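Student: Okay, so here is entry.cif, and as you'll see once you scroll down, it has mmCIF, C-alpha atoms and all ligand atoms.
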```cif
data_final
#
loop_
_atom_site.label_atom_id
_atom_site.label_comp_id
_atom_site.auth_asym_id
_atom_site.auth_seq_id
_atom_site.Cartn_x
_atom_site.Cartn_y
_atom_site.Cartn_z
CA MET A 491 -15.59 5.31 -108.59
CA HIS A 492 -13.41 2.75 -110.35
CA PRO A 493 -15.63 0.91 -112.89
CA ALA A 494 -14.69 -2.50 -111.47
CA LEU A 495 -15.81 -1.44 -107.99
CA ALA A 496 -19.00 0.10 -109.37
CA LYS A 497 -19.77 -3.22 -111.09
CA THR A 498 -19.10 -5.12 -107.87
CA ILE A 499 -21.73 -3.05 -106.08
CA ALA A 500 -24.17 -3.17 -109.02
CA ASP A 501 -24.00 -6.98 -109.15
CA VAL A 502 -25.20 -7.20 -105.54
CA ASP A 503 -27.23 -4.04 -105.05
CA PRO A 504 -28.22 -2.18 -108.22
CA GLU A 505 -30.35 0.30 -106.27
CA ILE A 506 -27.48 1.59 -104.17
CA ALA A 507 -25.07 1.37 -107.14
CA GLU A 508 -27.37 3.60 -109.18
CA LEU A 509 -27.71 6.14 -106.38
CA ILE A 510 -23.94 6.30 -105.87
CA ALA A 511 -23.49 6.80 -109.62
CA LYS A 512 -26.06 9.60 -109.60
CA GLU A 513 -24.37 11.31 -106.67
CA GLU A 514 -21.01 10.96 -108.41
CA ARG A 515 -22.42 12.64 -111.53
CA ARG A 516 -23.96 15.36 -109.38
CA GLN A 517 -20.60 16.04 -107.72
CA ARG A 518 -18.99 16.08 -111.18
CA ASP A 519 -21.54 18.41 -112.76
CA SER A 520 -22.00 21.02 -110.05
CA ILE A 521 -19.96 23.82 -108.57
CA ARG A 522 -19.55 22.67 -105.00
CA LEU A 523 -19.06 25.61 -102.65
CA ILE A 524 -19.98 24.00 -99.32
CA ALA A 525 -17.10 25.20 -97.18
CA SER A 526 -16.72 21.95 -95.24
CA GLU A 527 -16.58 19.66 -98.28
CA ASN A 528 -13.94 18.61 -100.79
CA TYR A 529 -12.99 15.96 -103.36
CA VAL A 530 -10.61 13.29 -102.04
CA SER A 531 -8.06 11.74 -104.36
CA GLY A 532 -8.54 8.34 -105.96
CA ALA A 533 -5.87 6.99 -103.61
CA VAL A 534 -7.72 8.20 -100.50
CA LEU A 535 -10.97 6.75 -101.87
CA ALA A 536 -9.33 3.40 -102.54
CA ALA A 537 -7.80 3.18 -99.05
CA THR A 538 -11.15 3.91 -97.40
CA GLY A 539 -12.84 1.26 -99.56
CA SER A 540 -10.32 -1.41 -98.58
CA ILE A 541 -10.45 -4.63 -96.54
CA LEU A 542 -9.13 -2.69 -93.54
CA THR A 543 -12.79 -2.21 -92.66
CA ASN A 544 -12.79 -5.90 -91.63
CA LYS A 545 -10.37 -5.50 -88.73
CA TYR A 546 -10.94 -4.74 -85.06
CA SER A 547 -8.04 -3.12 -83.21
CA GLU A 548 -9.14 -1.58 -79.92
CA GLY A 549 -6.16 0.06 -78.23
CA TYR A 550 -3.11 1.73 -79.73
CA PRO A 551 -0.16 0.44 -81.82
CA THR A 552 1.64 -2.40 -79.93
CA LYS A 553 -0.98 -2.19 -77.12
CA ARG A 554 -4.06 -3.86 -78.58
CA TYR A 555 -6.79 -6.05 -77.16
CA TYR A 556 -7.07 -8.32 -80.23
CA GLU A 557 -4.50 -10.29 -82.19
CA GLY A 558 -3.56 -9.95 -85.85
CA GLN A 559 -2.35 -6.34 -85.66
CA GLN A 560 0.95 -6.77 -87.56
CA TYR A 561 -0.11 -4.48 -90.40
CA ILE A 562 -2.76 -2.39 -88.66
CA ASP A 563 -0.14 -1.23 -86.14
CA GLN A 564 2.13 -0.12 -88.96
CA ILE A 565 -0.69 1.72 -90.73
CA GLU A 566 -1.74 3.62 -87.61
CA GLN A 567 1.87 4.36 -86.66
CA LEU A 568 2.59 5.74 -90.14
CA CYS A 569 -0.51 7.90 -89.91
CA ILE A 570 0.54 9.22 -86.49
CA GLU A 571 4.09 9.98 -87.66
CA ARG A 572 2.83 11.78 -90.74
CA ALA A 573 0.41 13.90 -88.71
CA LYS A 574 3.16 14.83 -86.24
CA ALA A 575 5.60 15.72 -89.02
CA LEU A 576 3.10 17.69 -91.10
CA PHE A 577 1.84 19.81 -88.21
CA GLY A 578 4.97 19.78 -86.04
CA ALA A 579 3.02 18.29 -83.13
CA ASP A 580 4.47 16.34 -80.18
CA HIS A 581 1.68 13.79 -80.29
CA ALA A 582 -1.18 12.79 -82.57
CA ASN A 583 -4.22 10.61 -81.98
CA VAL A 584 -5.75 9.60 -85.33
CA GLN A 585 -8.64 7.51 -84.01
CA PRO A 586 -11.53 9.98 -83.46
CA TYR A 587 -14.43 8.98 -85.69
CA SER A 588 -15.02 12.58 -86.72
CA GLY A 589 -14.65 16.18 -85.56
CA SER A 590 -17.44 16.13 -82.97
CA PRO A 591 -16.22 12.98 -81.17
CA ALA A 592 -12.68 14.41 -81.24
CA ASN A 593 -13.96 17.50 -79.44
CA LEU A 594 -15.95 15.44 -76.97
CA ALA A 595 -12.75 13.57 -76.12
CA VAL A 596 -11.12 16.90 -75.26
CA TYR A 597 -13.88 17.55 -72.69
CA PHE A 598 -13.50 14.07 -71.26
CA ALA A 599 -9.74 14.52 -71.00
CA PHE A 600 -9.82 17.77 -69.05
CA LEU A 601 -13.27 18.50 -67.56
CA LYS A 602 -15.82 17.07 -65.17
CA PRO A 603 -19.55 17.58 -65.81
CA GLY A 604 -20.53 21.06 -64.66
CA ASP A 605 -17.09 22.57 -65.25
CA THR A 606 -16.93 25.80 -67.20
CA VAL A 607 -16.04 25.84 -70.89
CA MET A 608 -15.78 28.89 -73.09
CA GLY A 609 -16.23 28.96 -76.86
CA LEU A 610 -17.35 31.11 -79.77
CA GLY A 611 -21.17 31.11 -79.93
CA LEU A 612 -22.83 29.31 -82.82
CA PRO A 613 -24.54 32.48 -84.15
CA ALA A 614 -21.12 34.16 -84.32
CA GLY A 615 -19.56 31.31 -86.31
CA GLY A 616 -18.64 28.84 -83.55
CA HIS A 617 -19.34 25.11 -83.63
CA LEU A 618 -22.09 23.27 -81.74
CA THR A 619 -19.46 21.33 -79.81
CA HIS A 620 -17.95 24.50 -78.34
CA GLY A 621 -20.72 24.68 -75.73
CA TRP A 622 -23.91 25.52 -77.63
CA PRO A 623 -27.01 24.62 -75.51
CA VAL A 624 -28.49 21.94 -77.81
CA SER A 625 -25.14 20.09 -77.85
CA ILE A 626 -24.13 17.67 -75.10
CA THR A 627 -21.23 20.11 -74.54
CA GLY A 628 -23.63 22.89 -73.57
CA SER A 629 -25.84 20.66 -71.49
CA TYR A 630 -23.32 18.64 -69.41
CA PHE A 631 -20.93 21.55 -68.92
CA LYS A 632 -21.37 25.16 -67.89
CA ALA A 633 -20.81 26.91 -71.18
CA VAL A 634 -20.08 30.59 -71.61
CA GLN A 635 -19.92 31.96 -75.11
CA TYR A 636 -18.09 34.89 -76.61
CA GLY A 637 -19.14 36.54 -79.83
CA VAL A 638 -18.01 38.96 -82.46
CA ARG A 639 -18.10 42.76 -82.40
CA ARG A 640 -21.30 44.32 -83.71
CA ASP A 641 -19.39 46.89 -85.78
CA THR A 642 -16.67 44.72 -87.37
CA HIS A 643 -18.10 41.19 -87.00
CA ARG A 644 -14.63 40.16 -85.86
CA ILE A 645 -13.76 38.43 -82.61
CA ASP A 646 -12.82 41.00 -80.00
CA MET A 647 -9.87 39.60 -78.03
CA ASP A 648 -10.47 42.14 -75.23
CA GLU A 649 -13.98 40.73 -74.79
CA VAL A 650 -12.61 37.18 -74.81
CA ARG A 651 -10.13 38.13 -72.08
CA GLU A 652 -12.74 39.92 -69.94
CA LEU A 653 -15.13 36.96 -70.14
CA ALA A 654 -12.34 34.51 -69.33
CA LEU A 655 -11.27 36.55 -66.28
CA LYS A 656 -14.88 36.75 -65.08
CA GLU A 657 -15.88 33.10 -65.69
CA ARG A 658 -12.53 31.33 -65.14
CA PRO A 659 -13.19 28.51 -67.64
CA LYS A 660 -11.19 25.29 -67.42
CA LEU A 661 -11.23 24.98 -71.20
CA ILE A 662 -11.21 27.63 -73.91
CA TRP A 663 -12.01 26.83 -77.54
CA CYS A 664 -10.85 28.90 -80.45
CA GLY A 665 -11.74 28.34 -84.08
CA GLY A 666 -15.12 27.89 -85.70
CA THR A 667 -17.23 26.84 -88.58
CA ALA A 668 -18.15 30.14 -90.18
CA VAL A 669 -15.17 32.37 -89.41
CA PRO A 670 -13.78 34.05 -92.53
CA ARG A 671 -10.79 35.60 -90.76
CA THR A 672 -7.43 34.47 -89.32
CA ILE A 673 -7.61 32.99 -85.82
CA GLU A 674 -5.26 34.77 -83.42
CA PHE A 675 -3.86 31.73 -81.65
CA ALA A 676 -1.13 33.62 -79.74
CA ALA A 677 -3.66 36.02 -78.21
CA TYR A 678 -5.87 33.12 -77.09
CA ALA A 679 -2.86 31.36 -75.59
CA GLU A 680 -2.01 34.43 -73.52
CA ILE A 681 -5.55 34.61 -72.16
CA ALA A 682 -5.68 30.87 -71.42
CA LYS A 683 -2.39 31.15 -69.55
CA GLU A 684 -3.63 34.13 -67.55
CA VAL A 685 -6.71 32.27 -66.32
CA GLY A 686 -5.11 28.82 -66.08
CA ALA A 687 -7.31 27.26 -68.78
CA ILE A 688 -6.55 24.57 -71.33
CA LEU A 689 -6.53 26.06 -74.81
CA ALA A 690 -8.05 23.89 -77.51
CA ALA A 691 -7.75 25.06 -81.11
CA ASP A 692 -10.40 23.57 -83.39
CA ILE A 693 -8.99 23.80 -86.91
CA ALA A 694 -11.59 21.47 -88.50
CA HIS A 695 -12.15 23.90 -91.36
CA ILE A 696 -8.67 25.26 -91.88
CA SER A 697 -6.33 22.32 -91.21
CA GLY A 698 -5.49 22.01 -94.91
CA LEU A 699 -4.57 25.69 -94.96
CA VAL A 700 -2.45 25.24 -91.82
CA ALA A 701 -0.73 22.18 -93.31
CA GLY A 702 -0.07 24.05 -96.54
CA GLY A 703 1.23 27.19 -94.84
CA ALA A 704 -1.74 29.35 -95.86
CA HIS A 705 -2.92 30.00 -92.28
CA PRO A 706 -0.78 30.35 -89.11
CA SER A 707 -0.43 27.17 -87.07
CA PRO A 708 -1.94 26.77 -83.60
CA VAL A 709 0.52 24.02 -82.67
CA PRO A 710 3.04 26.25 -80.86
CA PHE A 711 0.24 27.91 -78.85
CA ALA A 712 -2.54 25.44 -78.06
CA ASP A 713 -2.52 22.60 -75.52
CA VAL A 714 -4.67 20.56 -77.88
CA VAL A 715 -5.45 20.91 -81.56
CA SER A 716 -8.56 19.24 -82.89
CA THR A 717 -9.37 18.77 -86.54
CA THR A 718 -11.55 16.93 -88.97
CA THR A 719 -9.67 15.27 -91.81
CA HIS A 720 -12.22 15.79 -94.59
CA LYS A 721 -12.52 19.55 -95.04
CA THR A 722 -9.61 21.58 -96.46
CA LEU A 723 -7.23 18.75 -95.46
CA ARG A 724 -8.87 16.65 -98.21
CA GLY A 725 -8.84 13.29 -96.48
CA PRO A 726 -11.63 10.82 -95.68
CA ARG A 727 -14.26 11.70 -93.06
CA GLY A 728 -12.52 11.47 -89.73
CA GLY A 729 -10.94 13.36 -86.86
CA MET A 730 -7.54 13.88 -85.25
CA LEU A 731 -6.27 15.31 -82.01
CA MET A 732 -2.77 16.68 -81.59
CA CYS A 733 -1.28 17.78 -78.32
CA LYS A 734 1.78 18.54 -76.27
CA THR A 735 3.53 15.53 -74.70
CA ALA A 736 2.21 16.48 -71.26
CA HIS A 737 -1.37 15.82 -72.44
CA GLN A 738 -0.69 12.70 -74.49
CA LYS A 739 -1.93 10.23 -71.87
CA ALA A 740 -5.08 12.17 -71.07
CA ILE A 741 -6.01 12.57 -74.73
CA ASP A 742 -5.35 8.94 -75.66
CA LYS A 743 -7.31 7.64 -72.65
CA ALA A 744 -10.21 9.95 -73.43
CA VAL A 745 -10.51 8.70 -77.03
CA PHE A 746 -10.09 5.03 -76.08
CA PRO A 747 -11.39 3.57 -73.83
CA GLY A 748 -13.10 6.81 -72.74
CA LEU A 749 -15.30 7.51 -75.70
CA GLN A 750 -14.85 5.06 -78.56
CA GLY A 751 -14.41 1.39 -79.33
CA GLY A 752 -12.38 0.07 -82.24
CA PRO A 753 -10.79 2.60 -84.58
CA HIS A 754 -11.93 2.67 -88.22
CA ASN A 755 -8.77 1.29 -89.80
CA HIS A 756 -9.86 1.92 -93.38
CA THR A 757 -10.29 5.57 -92.43
CA THR A 758 -6.91 5.62 -90.69
CA ALA A 759 -5.29 4.37 -93.91
CA GLY A 760 -7.17 7.01 -95.91
CA ILE A 761 -6.00 9.71 -93.50
CA ALA A 762 -2.41 8.44 -93.80
CA VAL A 763 -2.61 8.74 -97.59
CA ALA A 764 -4.15 12.22 -97.35
CA LEU A 765 -1.40 13.33 -94.94
CA LYS A 766 1.23 12.10 -97.38
CA GLU A 767 -0.45 14.10 -100.14
CA ALA A 768 -0.70 17.14 -97.86
CA ALA A 769 3.06 17.10 -97.25
CA THR A 770 3.84 17.81 -100.92
CA GLU A 771 4.71 21.05 -102.69
CA THR A 772 1.61 20.55 -104.85
CA PHE A 773 -0.57 20.68 -101.74
CA LYS A 774 1.14 23.91 -100.59
CA GLN A 775 0.19 25.43 -103.95
CA TYR A 776 -3.32 24.03 -103.50
CA ALA A 777 -3.70 25.65 -100.06
CA LYS A 778 -2.54 29.02 -101.45
CA GLN A 779 -4.94 28.67 -104.38
CA ILE A 780 -7.88 27.99 -102.05
CA VAL A 781 -7.27 31.34 -100.35
CA ALA A 782 -6.60 33.17 -103.63
CA ASN A 783 -9.87 31.78 -104.98
CA ALA A 784 -11.82 32.80 -101.87
CA LYS A 785 -10.44 36.34 -102.09
CA ALA A 786 -11.26 36.49 -105.81
CA LEU A 787 -14.78 35.16 -105.27
CA ALA A 788 -15.31 37.62 -102.39
CA ALA A 789 -14.15 40.54 -104.56
CA THR A 790 -16.46 39.49 -107.39
CA LEU A 791 -19.42 39.16 -105.05
CA VAL A 792 -18.75 42.63 -103.61
CA GLU A 793 -18.70 44.00 -107.19
CA HIS A 794 -22.11 42.39 -107.66
CA GLY A 795 -23.45 44.18 -104.58
CA PHE A 796 -23.25 41.39 -102.00
CA ASP A 797 -22.61 42.35 -98.35
CA LEU A 798 -19.88 40.15 -96.94
CA ILE A 799 -19.42 39.57 -93.22
CA THR A 800 -16.13 41.33 -92.30
CA GLY A 801 -16.03 42.61 -95.89
CA GLY A 802 -13.98 39.72 -97.24
CA THR A 803 -11.89 36.74 -96.21
CA ASP A 804 -8.44 35.59 -95.07
CA ASN A 805 -9.11 31.89 -95.60
CA HIS A 806 -11.25 29.53 -97.70
CA LEU A 807 -14.60 30.81 -96.48
CA VAL A 808 -16.97 33.64 -97.39
CA LEU A 809 -20.09 34.55 -95.45
CA ALA A 810 -22.62 36.80 -97.19
CA ASP A 811 -25.57 38.63 -95.64
CA LEU A 812 -28.38 38.72 -98.22
CA THR A 813 -30.59 41.20 -96.34
CA SER A 814 -29.80 43.99 -98.82
CA LYS A 815 -30.66 41.61 -101.68
CA ASN A 816 -34.15 41.15 -100.19
CA ILE A 817 -33.91 37.38 -100.19
CA SER A 818 -33.43 34.86 -97.37
CA GLY A 819 -30.40 32.59 -97.25
CA LYS A 820 -32.56 29.52 -97.66
CA ILE A 821 -34.39 30.71 -100.77
CA ALA A 822 -31.08 31.79 -102.29
CA ALA A 823 -29.39 28.47 -101.47
CA LYS A 824 -32.24 26.48 -103.00
CA ALA A 825 -32.30 28.59 -106.18
CA LEU A 826 -28.51 28.31 -106.50
CA ASP A 827 -28.71 24.54 -106.07
CA ALA A 828 -31.22 24.39 -108.93
CA ALA A 829 -28.65 26.29 -111.00
CA GLY A 830 -25.91 23.77 -110.18
CA ILE A 831 -24.21 25.91 -107.54
CA GLU A 832 -24.21 24.17 -104.19
CA LEU A 833 -23.70 25.99 -100.88
CA ASN A 834 -25.49 26.29 -97.55
CA TYR A 835 -27.74 28.85 -95.93
CA ASN A 836 -26.18 30.18 -92.76
CA SER A 837 -26.89 32.55 -89.89
CA VAL A 838 -24.93 35.76 -89.88
CA PRO A 839 -23.78 37.48 -86.65
CA PHE A 840 -26.74 39.16 -84.85
CA ASP A 841 -29.09 37.55 -87.36
CA PRO A 842 -32.69 38.71 -86.79
CA ARG A 843 -33.95 35.62 -88.66
CA LYS A 844 -34.23 32.04 -87.35
CA PRO A 845 -31.39 29.49 -87.91
CA PHE A 846 -33.61 27.33 -90.14
CA ASP A 847 -34.26 30.28 -92.45
CA PRO A 848 -31.43 32.74 -91.80
CA SER A 849 -30.16 35.83 -93.60
CA GLY A 850 -26.94 34.49 -95.02
CA ILE A 851 -25.15 32.00 -97.18
CA ARG A 852 -21.76 30.43 -96.54
CA LEU A 853 -19.40 29.34 -99.25
CA GLY A 854 -15.90 27.94 -99.51
CA THR A 855 -13.40 27.31 -102.27
CA SER A 856 -11.69 24.07 -101.25
CA SER A 857 -13.62 21.89 -103.72
CA VAL A 858 -13.39 24.19 -106.73
CA ALA A 859 -9.64 24.62 -106.07
CA SER A 860 -9.30 20.81 -106.00
CA ARG A 861 -10.66 20.82 -109.58
CA GLY A 862 -8.00 23.31 -110.66
CA MET A 863 -10.35 26.29 -110.90
CA LYS A 864 -8.61 29.63 -110.34
CA GLU A 865 -9.35 33.36 -110.01
CA ALA A 866 -10.85 33.71 -113.52
CA GLU A 867 -13.32 30.91 -112.83
CA MET A 868 -14.33 32.56 -109.53
CA LYS A 869 -15.39 35.65 -111.52
CA GLN A 870 -17.70 33.51 -113.63
CA ILE A 871 -19.13 31.75 -110.55
CA GLY A 872 -19.79 35.10 -108.85
CA ALA A 873 -21.59 36.38 -111.95
CA TRP A 874 -23.84 33.31 -112.05
CA MET A 875 -24.56 33.68 -108.34
CA ALA A 876 -25.61 37.30 -108.79
CA GLN A 877 -27.98 36.34 -111.63
CA VAL A 878 -29.64 33.59 -109.60
CA VAL A 879 -29.99 35.62 -106.42
CA ALA A 880 -31.61 38.43 -108.43
CA ALA A 881 -34.16 35.98 -109.87
CA PRO A 882 -34.83 33.26 -107.29
CA ALA A 883 -38.13 32.18 -108.88
CA ASP A 884 -36.93 32.07 -112.49
CA THR A 885 -36.71 28.31 -112.96
CA ALA A 886 -35.96 28.66 -116.68
CA LEU A 887 -32.91 30.77 -115.84
CA HIS A 888 -31.79 28.25 -113.21
CA ALA A 889 -32.07 25.40 -115.74
CA LYS A 890 -30.11 27.39 -118.33
CA ILE A 891 -27.32 28.21 -115.84
CA SER A 892 -27.26 24.63 -114.61
CA GLY A 893 -26.51 23.53 -118.20
CA GLU A 894 -23.74 26.12 -118.50
CA VAL A 895 -22.34 25.01 -115.16
CA ARG A 896 -22.22 21.39 -116.32
CA GLU A 897 -20.23 22.36 -119.45
CA PHE A 898 -17.94 24.58 -117.37
CA CYS A 899 -17.28 21.78 -114.87
CA ALA A 900 -16.42 19.32 -117.66
CA LYS A 901 -13.24 21.36 -118.25
CA PHE A 902 -12.09 20.79 -114.66
CA PRO A 903 -11.95 17.07 -113.84
CA ALA A 904 -12.55 16.39 -110.15
CA PRO A 905 -10.07 14.26 -108.18
CA GLY A 906 -11.37 10.76 -107.54
CA ILE A 907 -14.16 10.96 -110.11
CA LEU A 908 -13.56 8.71 -113.11
CA LEU A 909 -16.90 9.15 -114.92
C1 LIG A 1001 -17.01 20.43 -89.00
C2 LIG A 1001 -16.61 20.88 -87.66
C3 LIG A 1001 -16.64 20.02 -86.55
C4 LIG A 1001 -17.32 18.68 -86.54
O1 LIG A 1001 -16.94 17.79 -87.45
P1 LIG A 1001 -17.86 16.50 -87.78
O2 LIG A 1001 -16.89 15.65 -88.50
O3 LIG A 1001 -18.98 17.02 -88.63
O4 LIG A 1001 -18.32 15.93 -86.50
C5 LIG A 1001 -16.12 20.49 -85.36
N1 LIG A 1001 -15.63 21.73 -85.24
C6 LIG A 1001 -15.63 22.59 -86.28
C7 LIG A 1001 -15.07 23.95 -86.08
C8 LIG A 1001 -16.13 22.21 -87.51
O5 LIG A 1001 -16.14 23.07 -88.51
#
```
Reformat the file's structure so that it appears as structure tokens.
Ligand SMILES: *Cc1c(COP(=O)(O)O)cnc(C)c1O

Tutor:
Amino acid sequence: MHPALAKTIADVDPEIAELIAKEERRQRDSIRLIASENYVSGAVLAATGSILTNKYSEGYPTKRYYEGQQYIDQIEQLCIERAKALFGADHANVQPYSGSPANLAVYFAFLKPGDTVMGLGLPAGGHLTHGWPVSITGSYFKAVQYGVRRDTHRIDMDEVRELALKERPKLIWCGGTAVPRTIEFAAYAEIAKEVGAILAADIAHISGLVAGGAHPSPVPFADVVSTTTHKTLRGPRGGMLMCKTAHQKAIDKAVFPGLQGGPHNHTTAGIAVALKEAATETFKQYAKQIVANAKALAATLVEHGFDLITGGTDNHLVLADLTSKNISGKIAAKALDAAGIELNYNSVPFDPRKPFDPSGIRLGTSSVASRGMKEAEMKQIGAWMAQVVAAPADTALHAKISGEVREFCAKFPAPGILL
């Protein structure tokens, strides 16, 4: 954080100021491999910390319910135009508070309670909001879930088609939260067309890769594209929906007044800044480097005897099954955290263990790539991971590696962190 801003907080609330400073140091000193996280730029941080948080602006540019929108309208319009240009979309709604509300708006736009929705099951790498029972989407709608093949752990498009023909869903989701492979948008579009369903592509994880040309785009194929703005796209926490012109009205009405009140204008400005950054050549290189890093880290882990789901990765994400290492995902994740390597425990497809203590770990390379780490650094990270996973109770080893990690990280300044 900028020292002047840190002082402003400390003058009023030293407790919170100290905790923010500690978290900032933690983010600086650790290798952050949580696949859904990143480091935003100083410019994005500054926009989200601005006075725009003071303003109410229910409605859309030029059609608001409160006065004083001269500048807010321009900010939101700029954000919309940048999203449309970057992704080649007909329409963009930049108001969803986050990824989950964006997805809920898609349901509200196209479905009635009890209608059938089809999505990738959570245990296979799908997201809660794609119809999983504990989610409102699985409880207010009739959800049917497809999975991955037992032999390859990849999505079987024949199975998706068969299920769609049998269940006739009104809405089909593609994309997920733990999918290490390319999403076949064209194949989904064909199936959706055949059964007369709306196709929604959830690119929450991969939108930065799509923007940077490192993953195919769903925009030509999907009726609606949903994304978060804070994962590989490297913006503030938020959500966006993009759609074909025919669905513009339905989507906008579903977000406001259907689901939300006033948009978070400070977030909108932060998203606009992030979209401007994402339209640069530097960001294209960044997106390529994320994937190169993930492939390098996957290769290193395989050399160290890790079993990877699907054997590797096409994107930013690696999913490892630790069964052959005789350690649960949770114990591994906690030991790695003690060693300064932060990731999350995760279910693997057909996991015999419970979700709160599953067999796998999930990691992603968007944050380390934001710090300028490359393939050589991934080798080092993989070696540390192997050491920790082989000795999950060796706290002295974890402390030693944590010190090495801190020194290593000092060579790669993180965007937005001025400490
Ligand atoms: C992260 C994610 C979401 C939800 O985003 P939140 O901002 O956490 O609500 C939705 N869909 C997918 C595929 C995700 O990975």

Student: For ligand LIG 1001 (chain A), return the neighbouring residues as a ChimeraX atom specification (distance at most 10 Å; only C-alpha atoms and all ligand atoms).

Tutor: /A:525-527,586-594,610,612,615-620,663-669,691-696,716-721,727-729

Student: Skip Ala859 (chain A) itself and residues of its chain fewer than 6 positions away, then list as number ranges by chain all residues within 10 Å of it, counting all atoms listed in the file.

Tutor: A: 528-529, 776-784, 806, 865, 867-868, 902, 904

Student: Just how far from CA of Arg843 (chain A) is CA of Leu807 (chain A), in Å to one decimal?

Tutor: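 Result for CA of Leu807 (chain A) versus CA of Arg843 (chain A): 21.4 Å, one decimal.
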
Student: Against region 740-750 of chain A, which residues of region 543-577 of chain A fall within 12 Å? For each one I want the closest pair of atoms and the distance in Å (one decimal), counting only C-alpha atoms, rows by chain and increasing residue number, as a Markdown table.

Tutor:
```
| residue | atom | partner | partner_atom | distance |
| --- | --- | --- | --- | --- |
| A:Ser547 | CA | A:Phe746 | CA | 11.0 |
| A:Glu548 | CA | A:Phe746 | CA | 7.7 |
| A:Gly549 | CA | A:Phe746 | CA | 6.7 |
| A:Tyr550 | CA | A:Phe746 | CA | 8.5 |
| A:Pro551 | CA | A:Asp742 | CA | 11.7 |
| A:Lys553 | CA | A:Phe746 | CA | 11.7 |
| A:Arg554 | CA | A:Phe746 | CA | 11.0 |
| A:Tyr555 | CA | A:Pro747 | CA | 11.2 |
```

Student: Show which residues sit within 8 Å of Ala889 (chain A), as number ranges by chain. Count only C-alpha atoms, and ignore same-chain residues fewer than 3 positions away.

Tutor: A: 828-829, 885-886, 892-893

Student: May I ask for the distance between CA of Asp580 (chain A) and CA of Ala712 (chain A), given in Å to one decimal place?

Tutor: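 Going from CA of Asp580 (chain A) over to CA of Ala712 (chain A), I get 11.7 Å.
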
Student: One number please: CA of Val715 (chain A) to CA of Lys656 (chain A), in Å, one decimal.

Tutor: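 Atom-to-atom, CA of Val715 (chain A) and CA of Lys656 (chain A) are spaced 24.7 Å apart.
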
Student: Can you list, as a PyMOL selection string, every protein, DNA or RNA residue that comes within 9 Å of Pro706 (chain A) when you count only C-alpha atoms, leaving out same-chain residues fewer than 6 positions away?

Tutor: chain A and resi 672-675+699-700

Student: Which residue is closest to Glu566 (chain A)? Choose from A:Pro753, A:Pro839, A:Gly604, A:Gly802 and count all atoms listed in the file.

Tutor: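 Looking at the shortest contact to Glu566 (chain A), the residue is A:Pro753.
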
Student: Restricting the calculation to all atoms listed in the file: of A:Thr606, A:Asn583, A:Gln635, A:Thr757, which residue gets closest to Ser540 (chain A)?

Tutor: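 So, comparing all the options, the nearest one is A:Thr757.
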
Student: Nearest to Tyr556 (chain A): which of A:Ala701, A:Gly752, A:Val792, A:Ala677 is it, counting all atoms listed in the file?

Tutor: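 Among A:Ala701, A:Gly752, A:Val792, A:Ala677, it is A:Gly752 that comes nearest to Tyr556 (chain A).
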
Student: Out of A:Val624, A:Ala876, A:Ala511, A:Ala762, which residue has the shortest atom-to-atom distance to Ile817 (chain A) when counting only C-alpha atoms?

Tutor: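 Closest to Ile817 (chain A), using only C-alpha atoms: A:Ala876.
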
Student: Which residues, written as a list of chain:residue names, have at least one atom at most 12 Å from Phe631 (chain A), with all atoms listed in the file counted and residues fewer than 5 positions away on the same chain left out?

Tutor: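 My reading of the contact set: A:Leu594, A:Tyr597, A:Phe598, A:Phe600, A:Leu601, A:Lys602, A:Pro603, A:Gly604, A:Asp605, A:Thr606, A:Val607, A:Met608, A:Gly609, A:Thr619, A:His620, A:Gly621, A:Trp622, A:Pro623, A:Val624, A:Ser625, A:Ile626, A:Pro659, A:Lys660, A:Leu661.
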
Student: Nearest to Leu689 (chain A): which of A:Lys734, A:Lys497, A:Lys890, A:Lys901 is it, counting all atoms listed in the file?

Tutor: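 Ranked by minimum distance to Leu689 (chain A), first place goes to A:Lys734.
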
Student: Out of A:Ala533, A:Ile662, A:Thr770, A:Gln564, which residue has the shortest atom-to-atom distance to Ile681 (chain A) when counting all atoms listed in the file?

Tutor: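 Closest to Ile681 (chain A), using all atoms listed in the file: A:Ile662.
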
Student: Skip Ala494 (chain A) itself and residues of its chain fewer than 5 positions away, then list as a list in words all residues within 12 Å of it, counting only C-alpha atoms.

Tutor: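 Selected residues are Ile499, Ala500, Asp501, Ala507, Ala536 and Leu908 of chain A.
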
Student: Taking all listed atoms of region 584-593 of chain A, build the axis-aligned box, pad each of the six sides by 6 Å, then write its centre and edge lengths in Å to one decimal as AutoDock Vina command-line options.

Tutor:
```
--center_x -11.6 --center_y 12.5 --center_z -83.1 --size_x 23.7 --size_y 22.0 --size_z 19.3
```
